[in-house]
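Structure data (compact mmCIF, C-alpha atoms and all ligand atoms) from model.txt:
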```txt
# COMPACT_ATOMS: atom_id res chain seq x y z
CA MET X 1 37.37 -37.84 -10.29
CA PHE X 2 37.73 -39.56 -6.93
CA GLU X 3 40.31 -42.01 -8.35
CA LYS X 4 42.54 -41.86 -5.31
CA LEU X 5 39.79 -42.50 -2.82
CA LYS X 6 38.72 -45.44 -4.92
CA SER X 7 42.22 -46.83 -5.12
CA GLY X 8 42.54 -46.70 -1.30
CA PHE X 9 39.45 -48.87 -0.93
CA LYS X 10 40.59 -51.13 -3.72
CA THR X 11 43.96 -51.73 -2.08
CA PHE X 12 42.19 -52.58 1.16
CA VAL X 13 40.02 -55.15 -0.59
CA THR X 14 42.92 -56.76 -2.46
CA LYS X 15 45.02 -57.00 0.71
CA ILE X 16 42.52 -59.22 2.50
CA LYS X 17 42.45 -62.73 1.16
CA THR X 18 41.17 -64.82 4.04
CA LYS X 19 37.65 -65.44 5.26
CA GLU X 20 38.93 -65.86 8.81
CA LEU X 21 39.00 -62.22 9.81
CA ASN X 22 40.20 -61.17 13.23
CA GLU X 23 41.59 -58.11 15.02
CA GLU X 24 45.10 -59.20 14.22
CA ASN X 25 44.95 -59.77 10.50
CA LEU X 26 42.75 -56.71 9.99
CA ALA X 27 44.98 -54.28 11.90
CA GLU X 28 47.44 -53.50 9.12
CA PRO X 29 45.04 -53.22 6.17
CA LEU X 30 42.75 -51.04 8.29
CA GLU X 31 45.59 -48.75 9.27
CA GLU X 32 46.62 -48.42 5.64
CA LEU X 33 43.04 -47.67 4.65
CA LYS X 34 42.81 -44.89 7.22
CA ILE X 35 46.09 -43.39 6.08
CA SER X 36 44.96 -43.41 2.47
CA LEU X 37 41.68 -41.73 3.44
CA VAL X 38 43.45 -38.99 5.36
CA LYS X 39 45.85 -38.45 2.46
CA ASN X 40 42.83 -37.95 0.25
CA ASP X 41 41.15 -35.18 2.17
CA VAL X 42 39.03 -37.19 4.54
CA ALA X 43 39.19 -35.40 7.88
CA TYR X 44 41.14 -37.39 10.46
CA PHE X 45 38.27 -38.27 12.76
CA VAL X 46 36.03 -39.16 9.82
CA ALA X 47 38.72 -41.56 8.57
CA ASP X 48 38.88 -43.02 12.08
CA LYS X 49 35.13 -43.44 12.14
CA ILE X 50 35.19 -45.20 8.75
CA GLY X 51 37.94 -47.51 9.99
CA ASP X 52 35.96 -48.36 13.12
CA LEU X 53 32.75 -49.00 11.21
CA VAL X 54 34.47 -51.24 8.67
CA LYS X 55 36.17 -53.19 11.44
CA GLU X 56 32.99 -53.57 13.44
CA LYS X 57 31.09 -54.84 10.41
CA LEU X 58 33.86 -57.22 9.38
CA LEU X 59 34.29 -58.74 12.80
CA GLY X 60 30.58 -58.86 13.41
CA SER X 61 29.68 -61.06 10.49
CA ARG X 62 30.82 -64.30 8.92
CA ILE X 63 31.63 -64.65 5.29
CA THR X 64 29.48 -67.50 4.09
CA ARG X 65 31.11 -70.43 2.34
CA GLY X 66 29.84 -69.74 -1.12
CA SER X 67 30.53 -66.00 -1.20
CA LYS X 68 33.69 -64.30 -2.36
CA VAL X 69 35.82 -62.32 0.07
CA ASP X 70 36.08 -59.26 -2.16
CA THR X 71 32.33 -59.09 -2.79
CA PHE X 72 31.76 -59.24 0.93
CA LEU X 73 34.34 -56.54 1.63
CA LYS X 74 32.89 -54.25 -1.00
CA GLY X 75 29.47 -54.69 0.57
CA VAL X 76 30.87 -53.66 3.94
CA ILE X 77 32.53 -50.59 2.44
CA ARG X 78 29.29 -49.61 0.70
CA ASP X 79 27.31 -49.94 3.94
CA THR X 80 29.91 -47.89 5.79
CA ILE X 81 29.89 -45.07 3.24
CA LYS X 82 26.10 -45.07 3.31
CA GLU X 83 26.23 -44.64 7.06
CA ILE X 84 28.74 -41.80 6.82
CA LEU X 85 26.73 -40.00 4.13
CA ASP X 86 23.54 -40.70 6.06
CA GLU X 87 20.89 -41.70 3.59
CA SER X 88 18.24 -40.30 5.89
CA ARG X 89 19.12 -36.93 4.43
CA PRO X 90 18.03 -37.20 0.81
CA PHE X 91 17.10 -33.88 -0.66
CA ASP X 92 14.92 -33.20 -3.67
CA ILE X 93 15.20 -29.57 -4.62
CA LEU X 94 12.54 -29.72 -7.32
CA GLU X 95 10.05 -31.08 -4.83
CA ARG X 96 10.88 -28.31 -2.35
CA VAL X 97 10.40 -25.66 -5.02
CA ARG X 98 7.08 -27.16 -6.07
CA GLU X 99 5.88 -27.22 -2.48
CA LYS X 100 6.45 -23.47 -2.18
CA ALA X 101 4.91 -22.91 -5.58
CA GLU X 102 1.67 -24.42 -4.30
CA ASP X 103 1.45 -21.42 -1.95
CA ASP X 104 2.51 -19.17 -4.82
CA GLU X 105 5.71 -18.28 -2.95
CA PRO X 106 9.23 -18.27 -4.43
CA TYR X 107 11.82 -20.70 -3.09
CA ILE X 108 14.70 -18.53 -1.86
CA MET X 109 18.26 -19.79 -1.96
CA VAL X 110 21.29 -17.86 -0.71
CA PHE X 111 24.75 -19.01 -1.83
CA LEU X 112 27.78 -18.39 0.37
CA GLY X 113 31.43 -19.23 0.41
CA VAL X 114 34.99 -18.00 0.32
CA ASN X 115 36.40 -16.28 -2.77
CA GLY X 116 36.37 -18.08 -6.07
CA THR X 117 34.74 -21.34 -5.02
CA GLY X 118 32.26 -21.23 -7.90
CA LYS X 119 29.17 -19.55 -6.43
CA THR X 120 28.28 -17.45 -9.46
CA THR X 121 28.89 -20.25 -11.97
CA THR X 122 26.88 -22.67 -9.81
CA ILE X 123 23.96 -20.23 -9.71
CA ALA X 124 23.98 -20.01 -13.53
CA LYS X 125 24.08 -23.82 -13.71
CA LEU X 126 21.15 -24.09 -11.30
CA ALA X 127 19.11 -21.46 -13.18
CA ASN X 128 19.72 -23.61 -16.26
CA TYR X 129 18.81 -26.77 -14.34
CA PHE X 130 15.54 -25.22 -13.14
CA LYS X 131 14.78 -24.00 -16.63
CA LYS X 132 15.22 -27.51 -18.01
CA ASN X 133 12.73 -28.63 -15.37
CA LYS X 134 10.32 -25.87 -16.42
CA ILE X 135 10.85 -23.87 -13.25
CA SER X 136 11.38 -20.12 -13.56
CA SER X 137 14.08 -18.33 -11.59
CA VAL X 138 15.56 -14.90 -11.04
CA ILE X 139 19.04 -14.04 -9.78
CA ALA X 140 19.85 -11.34 -7.21
CA ALA X 141 23.19 -9.65 -7.91
CA SER X 142 23.98 -9.35 -4.22
CA ASP X 143 27.73 -9.37 -4.80
CA THR X 144 27.94 -5.59 -4.95
CA PHE X 145 31.45 -5.79 -3.51
CA ARG X 146 33.85 -7.24 -6.08
CA ALA X 147 34.56 -5.13 -9.17
CA GLY X 148 33.10 -6.71 -12.28
CA SER X 149 30.91 -9.17 -10.40
CA ILE X 150 27.61 -7.79 -11.70
CA GLU X 151 28.71 -7.84 -15.36
CA GLN X 152 30.05 -11.38 -14.90
CA LEU X 153 26.72 -12.51 -13.48
CA GLU X 154 24.74 -10.73 -16.21
CA LYS X 155 26.82 -12.44 -18.87
CA HIS X 156 26.03 -15.88 -17.42
CA ALA X 157 22.37 -14.98 -16.98
CA ARG X 158 22.07 -13.82 -20.57
CA LYS X 159 23.48 -17.10 -21.82
CA VAL X 160 21.17 -19.14 -19.64
CA GLY X 161 18.21 -16.84 -20.30
CA VAL X 162 17.23 -15.68 -16.83
CA ARG X 163 16.68 -12.23 -15.35
CA VAL X 164 19.11 -10.51 -12.97
CA ILE X 165 17.96 -7.96 -10.41
CA LYS X 166 20.77 -5.52 -9.65
CA HIS X 167 21.63 -2.25 -7.94
CA GLU X 168 24.80 -0.15 -8.03
CA TYR X 169 28.15 -1.43 -6.78
CA LYS X 170 28.66 -0.82 -3.04
CA SER X 171 24.92 -0.82 -2.46
CA ASP X 172 23.37 -2.99 0.26
CA PRO X 173 23.32 -6.64 -0.89
CA SER X 174 20.31 -7.41 1.33
CA SER X 175 18.26 -4.78 -0.41
CA VAL X 176 19.14 -6.24 -3.84
CA ALA X 177 18.02 -9.65 -2.60
CA TRP X 178 14.87 -8.13 -1.20
CA ASP X 179 14.03 -6.55 -4.58
CA ALA X 180 14.60 -9.87 -6.34
CA ILE X 181 12.19 -11.55 -3.93
CA ALA X 182 9.58 -8.83 -4.50
CA HIS X 183 10.07 -9.26 -8.26
CA ALA X 184 9.57 -13.02 -7.97
CA GLN X 185 6.45 -12.60 -5.84
CA ALA X 186 4.92 -10.10 -8.26
CA ARG X 187 5.64 -12.20 -11.36
CA HIS X 188 5.17 -15.66 -9.87
CA VAL X 189 8.80 -16.59 -10.48
CA ARG X 190 9.43 -19.83 -8.64
CA VAL X 191 13.04 -19.55 -7.44
CA VAL X 192 15.23 -16.67 -6.23
CA LEU X 193 18.96 -17.35 -6.42
CA VAL X 194 20.97 -14.89 -4.35
CA ASP X 195 24.59 -14.50 -5.47
CA THR X 196 26.83 -13.13 -2.74
CA ALA X 197 30.42 -11.89 -2.62
CA GLY X 198 33.19 -14.30 -1.78
CA ARG X 199 34.46 -13.60 1.71
CA GLN X 200 37.08 -14.71 4.18
CA VAL X 201 36.13 -15.58 7.71
CA MET X 202 38.63 -13.08 9.12
CA ASP X 203 36.74 -10.23 7.49
CA THR X 204 34.17 -9.64 10.19
CA ASN X 205 32.47 -6.77 8.31
CA LEU X 206 31.76 -8.98 5.35
CA MET X 207 30.70 -11.82 7.61
CA ARG X 208 28.23 -9.53 9.39
CA GLU X 209 26.95 -8.33 6.03
CA MET X 210 26.36 -11.98 5.10
CA LYS X 211 24.36 -12.51 8.27
CA LYS X 212 22.24 -9.51 7.39
CA ILE X 213 21.48 -10.92 3.92
CA VAL X 214 20.26 -14.13 5.52
CA ASP X 215 18.30 -12.31 8.25
CA VAL X 216 16.56 -10.07 5.72
CA THR X 217 15.76 -12.68 3.08
CA GLU X 218 14.79 -15.52 5.44
CA PRO X 219 15.83 -18.05 2.79
CA ASP X 220 14.41 -21.52 2.39
CA LEU X 221 17.93 -22.78 1.88
CA VAL X 222 21.35 -21.39 2.79
CA VAL X 223 23.87 -23.18 0.61
CA TYR X 224 27.58 -23.33 1.28
CA VAL X 225 29.48 -23.54 -2.00
CA GLY X 226 32.85 -25.21 -1.42
CA ASP X 227 35.71 -25.91 -3.79
CA ALA X 228 36.52 -29.63 -3.67
CA LEU X 229 40.15 -28.79 -4.45
CA ALA X 230 40.41 -27.05 -1.09
CA GLY X 231 40.14 -30.51 0.48
CA ASN X 232 39.86 -30.50 4.23
CA ASP X 233 39.74 -26.71 4.36
CA VAL X 234 36.19 -26.83 3.06
CA VAL X 235 35.09 -28.45 6.30
CA THR X 236 36.79 -25.77 8.39
CA GLN X 237 35.22 -23.05 6.24
CA VAL X 238 31.68 -24.41 6.51
CA GLN X 239 32.05 -24.67 10.26
CA LYS X 240 33.24 -21.07 10.54
CA PHE X 241 30.48 -19.78 8.26
CA SER X 242 27.96 -21.67 10.41
CA ASP X 243 29.01 -19.54 13.37
CA TYR X 244 27.28 -16.65 11.61
CA VAL X 245 24.37 -18.25 9.75
CA PRO X 246 22.71 -21.64 9.71
CA ILE X 247 23.98 -23.57 6.68
CA ASN X 248 21.33 -26.00 5.38
CA ALA X 249 23.17 -27.70 2.52
CA SER X 250 26.41 -27.75 0.57
CA ILE X 251 27.45 -27.85 -3.04
CA LEU X 252 30.95 -29.06 -3.90
CA THR X 253 32.40 -27.63 -7.08
CA LYS X 254 35.33 -28.61 -9.32
CA ILE X 255 35.06 -32.29 -8.52
CA ASP X 256 36.05 -32.88 -12.16
CA ALA X 257 39.53 -31.76 -11.14
CA ASP X 258 39.52 -33.48 -7.75
CA ALA X 259 41.33 -36.81 -7.85
CA SER X 260 41.18 -37.29 -4.09
CA GLY X 261 37.44 -37.15 -3.39
CA GLY X 262 37.44 -37.26 0.39
CA GLY X 263 35.98 -33.78 0.81
CA ALA X 264 32.49 -35.05 0.08
CA LEU X 265 32.70 -37.59 2.88
CA SER X 266 34.00 -35.09 5.42
CA VAL X 267 31.64 -32.26 4.56
CA SER X 268 28.60 -34.48 4.70
CA PHE X 269 29.59 -36.26 7.92
CA ILE X 270 30.71 -33.18 9.81
CA THR X 271 27.98 -30.74 8.78
CA LYS X 272 25.22 -33.35 9.10
CA LYS X 273 23.64 -31.55 6.18
CA PRO X 274 23.19 -32.87 2.66
CA ILE X 275 25.45 -32.20 -0.26
CA ILE X 276 22.80 -31.37 -2.83
CA PHE X 277 24.82 -30.96 -6.02
CA VAL X 278 28.35 -31.31 -7.29
CA GLY X 279 29.96 -29.19 -9.97
CA THR X 280 31.57 -31.31 -12.66
CA GLY X 281 33.00 -28.72 -15.05
CA GLN X 282 32.75 -25.17 -16.31
CA GLY X 283 29.74 -25.56 -18.63
CA TYR X 284 26.15 -24.81 -17.65
CA ASN X 285 25.19 -28.47 -17.78
CA ASP X 286 28.12 -29.52 -15.61
CA ILE X 287 26.19 -30.01 -12.41
CA ALA X 288 24.88 -33.26 -10.97
CA PRO X 289 22.50 -33.91 -8.10
CA PHE X 290 24.57 -35.63 -5.43
CA ASN X 291 23.32 -38.87 -4.02
CA VAL X 292 24.80 -41.82 -2.22
CA GLU X 293 24.46 -44.33 -5.06
CA TRP X 294 26.09 -41.96 -7.51
CA PHE X 295 29.02 -41.48 -5.13
CA LEU X 296 29.34 -45.21 -4.40
CA LYS X 297 29.47 -45.96 -8.09
CA LYS X 298 32.47 -43.66 -8.35
CA ILE X 299 34.40 -45.07 -5.42
CA VAL X 300 33.48 -48.73 -4.90
CA ASP X 301 32.92 -49.81 -8.48
CA PHE X 302 36.06 -51.88 -9.07
N1 LIG K 1 36.50 -27.22 -13.41
C1 LIG K 1 35.52 -26.56 -12.80
N2 LIG K 1 35.59 -25.24 -12.68
C2 LIG K 1 34.59 -24.59 -12.06
C3 LIG K 1 33.47 -25.28 -11.50
N3 LIG K 1 32.67 -24.37 -10.92
C4 LIG K 1 33.24 -23.16 -11.11
N4 LIG K 1 34.40 -23.27 -11.79
C5 LIG K 1 35.33 -22.22 -12.18
O1 LIG K 1 35.81 -21.55 -11.04
C6 LIG K 1 36.10 -20.19 -11.32
C7 LIG K 1 35.44 -19.29 -10.29
O2 LIG K 1 34.05 -19.38 -10.45
P1 LIG K 1 33.04 -18.25 -9.95
O3 LIG K 1 31.67 -18.77 -10.21
O4 LIG K 1 33.38 -16.93 -10.48
O5 LIG K 1 33.35 -18.29 -8.39
P2 LIG K 1 32.74 -17.35 -7.26
O6 LIG K 1 32.64 -18.18 -6.03
O7 LIG K 1 31.49 -16.71 -7.72
O8 LIG K 1 33.90 -16.28 -7.10
P3 LIG K 1 33.83 -14.89 -6.27
O9 LIG K 1 32.52 -14.27 -6.60
O10 LIG K 1 34.99 -14.10 -6.75
O11 LIG K 1 33.97 -15.26 -4.83
C8 LIG K 1 35.60 -19.96 -12.74
O12 LIG K 1 36.69 -20.01 -13.61
C9 LIG K 1 34.65 -21.13 -12.99
O13 LIG K 1 34.55 -21.48 -14.35
C10 LIG K 1 33.45 -26.72 -11.63
O14 LIG K 1 32.54 -27.44 -11.17
N5 LIG K 1 34.49 -27.30 -12.28
MG MG K 2 30.92 -14.69 -7.72
```
Now that the file is in, can you turn its structure into structure tokens?
Amino acid sequence: MFEKLKSGFKTFVTKIKTKELNEENLAEPLEELKISLVKNDVAYFVADKIGDLVKEKLLGSRITRGSKVDTFLKGVIRDTIKEILDESRPFDILERVREKAEDDEPYIMVFLGVNGTGKTTTIAKLANYFKKNKISSVIAASDTFRAGSIEQLEKHARKVGVRVIKHEYKSDPSSVAWDAIAHAQARHVRVVLVDTAGRQVMDTNLMREMKKIVDVTEPDLVVYVGDALAGNDVVTQVQKFSDYVPINASILTKIDADASGGGALSVSFITKKPIIFVGTGQGYNDIAPFNVEWFLKKIVDF
């Protein structure tokens, strides 16, 4: 995962051999770096921003005599990525859940996204993750739209060992979510995970339905689930979904199959909201909390 993004940074570092850096000798390597970022799903203006930050940092400091050029360059890249991912946005889901639990209220999460991004699988993974952390959860089968969705969700839930609250197909997804919340409140279940149907932005009926789910449930967290393989499109999708509901966080799935890796940078920078988890495979344990150090290890560790 992320090999291509890493190789773009690596090429940049190997290209620069001198300690005497100036506008002139940086121009070409920087241009190449930007091109490689854009080719690997970093949105154009985010790539530009990265280029500017790297340049500013390189020109603004001197490489001391004893230090190696490549170590210095890697440090600059790390600092730049940290700035783009904005470390001021760390997010600890377990802590948030525990805070609500102190008031004996469930932590409500609604998962949204276009078709097939991995919402239902991610919910099963998170139910499993909470279970491992001794936190109870219940899932609302609020995708009452797609044929087979409820059975698919029940199958996952059975394997993970969590309860699903469901109604009939075609019933109102908000009312399913509402029942799941009532269930959680009555039984002191700590998290409600609301599965919703995949939808396209052009489908205004489904988009309005989504808004209703969020209005009715008043979730603690609205999570956009994006498929890393969709690259730059994920950014466009999140932005369009945000026209209807406030998105508080993202989860990027299928990063195990994503050699480019730029999506994470773009989504985080453009939404100004944290990426809280990444999906790393199809199994229930294939989910990892996303944080800056973890990401840096993948892309600047060469
Ligand atoms: N490799 C890989 N596959 C994943 C990951 N997450 C989900 N998938 C696969 O993606 C496919 C779609 O997953 P679903 O969870 O059904 O997606 P969805 O968003 O609920 O789909 P709809 O409800 O139809 O919109 C399944 O085959 C999953 O196994 C991941 O992190 N890595
Ligand atoms: Mg689904």
message: Set the distance at 7 Å and use all atoms listed in the file: which residues neighbour Ile275 (chain X) once local chain neighbours fewer than 5 positions away are removed? I'd like the list as a PyMOL selection string.
response: chain X and resi 249-251+268+290
message: I'd like to know which of X:Leu53, X:Arg62, X:Asp103, X:Lys82 is closest to Glu20 (chain X), using all atoms listed in the file.
response: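 Among X:Leu53, X:Arg62, X:Asp103, X:Lys82, it is X:Arg62 that comes nearest to Glu20 (chain X).
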Restrict the calculation to only C-alpha atoms and all ligand atoms, then for each residue of chain X with any atom at most 10 Å from an atom of ligand MG 2 (chain K) give the closest atom pair and their distance in Å to one decimal, rows by chain and rising residue number, as CSV.
```
residue,atom,partner,partner_atom,distance
X:Phe111,CA,K:MG2,MG,9.6
X:Leu112,CA,K:MG2,MG,9.4
X:Gly113,CA,K:MG2,MG,9.3
X:Val114,CA,K:MG2,MG,9.6
X:Asn115,CA,K:MG2,MG,7.6
X:Gly116,CA,K:MG2,MG,6.6
X:Thr117,CA,K:MG2,MG,8.1
X:Gly118,CA,K:MG2,MG,6.7
X:Lys119,CA,K:MG2,MG,5.3
X:Thr120,CA,K:MG2,MG,4.2
X:Thr121,CA,K:MG2,MG,7.3
X:Thr122,CA,K:MG2,MG,9.2
X:Ile123,CA,K:MG2,MG,9.1
X:Ala141,CA,K:MG2,MG,9.2
X:Ser142,CA,K:MG2,MG,9.4
X:Asp143,CA,K:MG2,MG,6.9
X:Thr144,CA,K:MG2,MG,10.0
X:Phe145,CA,K:MG2,MG,9.9
X:Arg146,CA,K:MG2,MG,8.2
X:Gly148,CA,K:MG2,MG,9.4
X:Ser149,CA,K:MG2,MG,6.1
X:Ile150,CA,K:MG2,MG,8.6
X:Gln152,CA,K:MG2,MG,8.0
X:Leu153,CA,K:MG2,MG,7.5
X:Asp195,CA,K:MG2,MG,6.7
X:Thr196,CA,K:MG2,MG,6.6
X:Ala197,CA,K:MG2,MG,5.8
X:Gly198,CA,K:MG2,MG,6.4
```
Which residues come within 10 Å of Pro274 (chain X), counting only C-alpha atoms, excluding same-chain residues fewer than 4 positions away, as a short mmCIF file (atom, residue, chain, number, x, y, z; two decimals) with C-alpha atoms, in the frame of the given file?
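Just written: out.cif:
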```cif
data_model
loop_
_atom_site.label_atom_id
_atom_site.label_comp_id
_atom_site.auth_asym_id
_atom_site.auth_seq_id
_atom_site.Cartn_x
_atom_site.Cartn_y
_atom_site.Cartn_z
CA LEU X 85 26.73 -40.00 4.13
CA ASP X 86 23.54 -40.70 6.06
CA GLU X 87 20.89 -41.70 3.59
CA SER X 88 18.24 -40.30 5.89
CA ARG X 89 19.12 -36.93 4.43
CA PRO X 90 18.03 -37.20 0.81
CA PHE X 91 17.10 -33.88 -0.66
CA VAL X 223 23.87 -23.18 0.61
CA ASN X 248 21.33 -26.00 5.38
CA ALA X 249 23.17 -27.70 2.52
CA SER X 250 26.41 -27.75 0.57
CA ILE X 251 27.45 -27.85 -3.04
CA ALA X 264 32.49 -35.05 0.08
CA VAL X 267 31.64 -32.26 4.56
CA SER X 268 28.60 -34.48 4.70
CA PHE X 269 29.59 -36.26 7.92
CA PHE X 290 24.57 -35.63 -5.43
CA ASN X 291 23.32 -38.87 -4.02
#
```
task: Neighbourhood query: residues within 9 Å of (17.1, -10.7, -3.5), file coordinates, counting all atoms listed in the file; return as JSON, numbers by chain.
output: {"X": [108, 110, 138, 139, 140, 141, 142, 165, 166, 173, 174, 175, 176, 177, 178, 179, 180, 181, 182, 183, 192, 193, 194, 195, 213, 217]}
- request: Go through X:Ile255, X:Ala27, X:Met1, X:Val292 and flag the residue nearest ligand LIG 1 (chain K), using only C-alpha atoms and all ligand atoms for the distances.
  value: X:Ile255
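When CA of Lys254 (chain X) is paired with CA of Val160 (chain X), their separation reads 19.9 Å.
These residues, each with an atom at most 7 Å from (14.2, -27.5, -10.4) using only C-alpha atoms, are Ile93, Leu94, Val97, Tyr129, Phe130, Asn133 and Ile135 of chain X.
Between atom C9 of ligand LIG 1 (chain K) and CA of Gly263 (chain X) there is a distance of 18.8 Å.
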- request: Go ahead and compute the interatomic distance for CA of Lys212 (chain X) and CA of Val225 (chain X), in Å to one decimal.
  value: 18.4 Å
- request: Give me the residues within 10 Å of Ser7 (chain X) as a list of chain:residue names, counting all atoms listed in the file and dropping any in the same chain fewer than 5 places off.
  value: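 Listed by chain and then number, they are X:Phe2, X:Phe12, X:Val13, X:Leu33, X:Ser36, X:Leu37, X:Ser260, X:Ile299, X:Val300, X:Phe302.
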- line: Shortest contact to Glu102 (chain X), candidates X:Gly75, X:Lys34, X:Arg190, X:Leu126, atoms counted only C-alpha atoms, goes to X:Arg190
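Nearest to ligand LIG 1 (chain K) of all the residues X:Gln185, X:Gln200, X:Thr253, X:Asn285 is X:Thr253, based on only C-alpha atoms and all ligand atoms.
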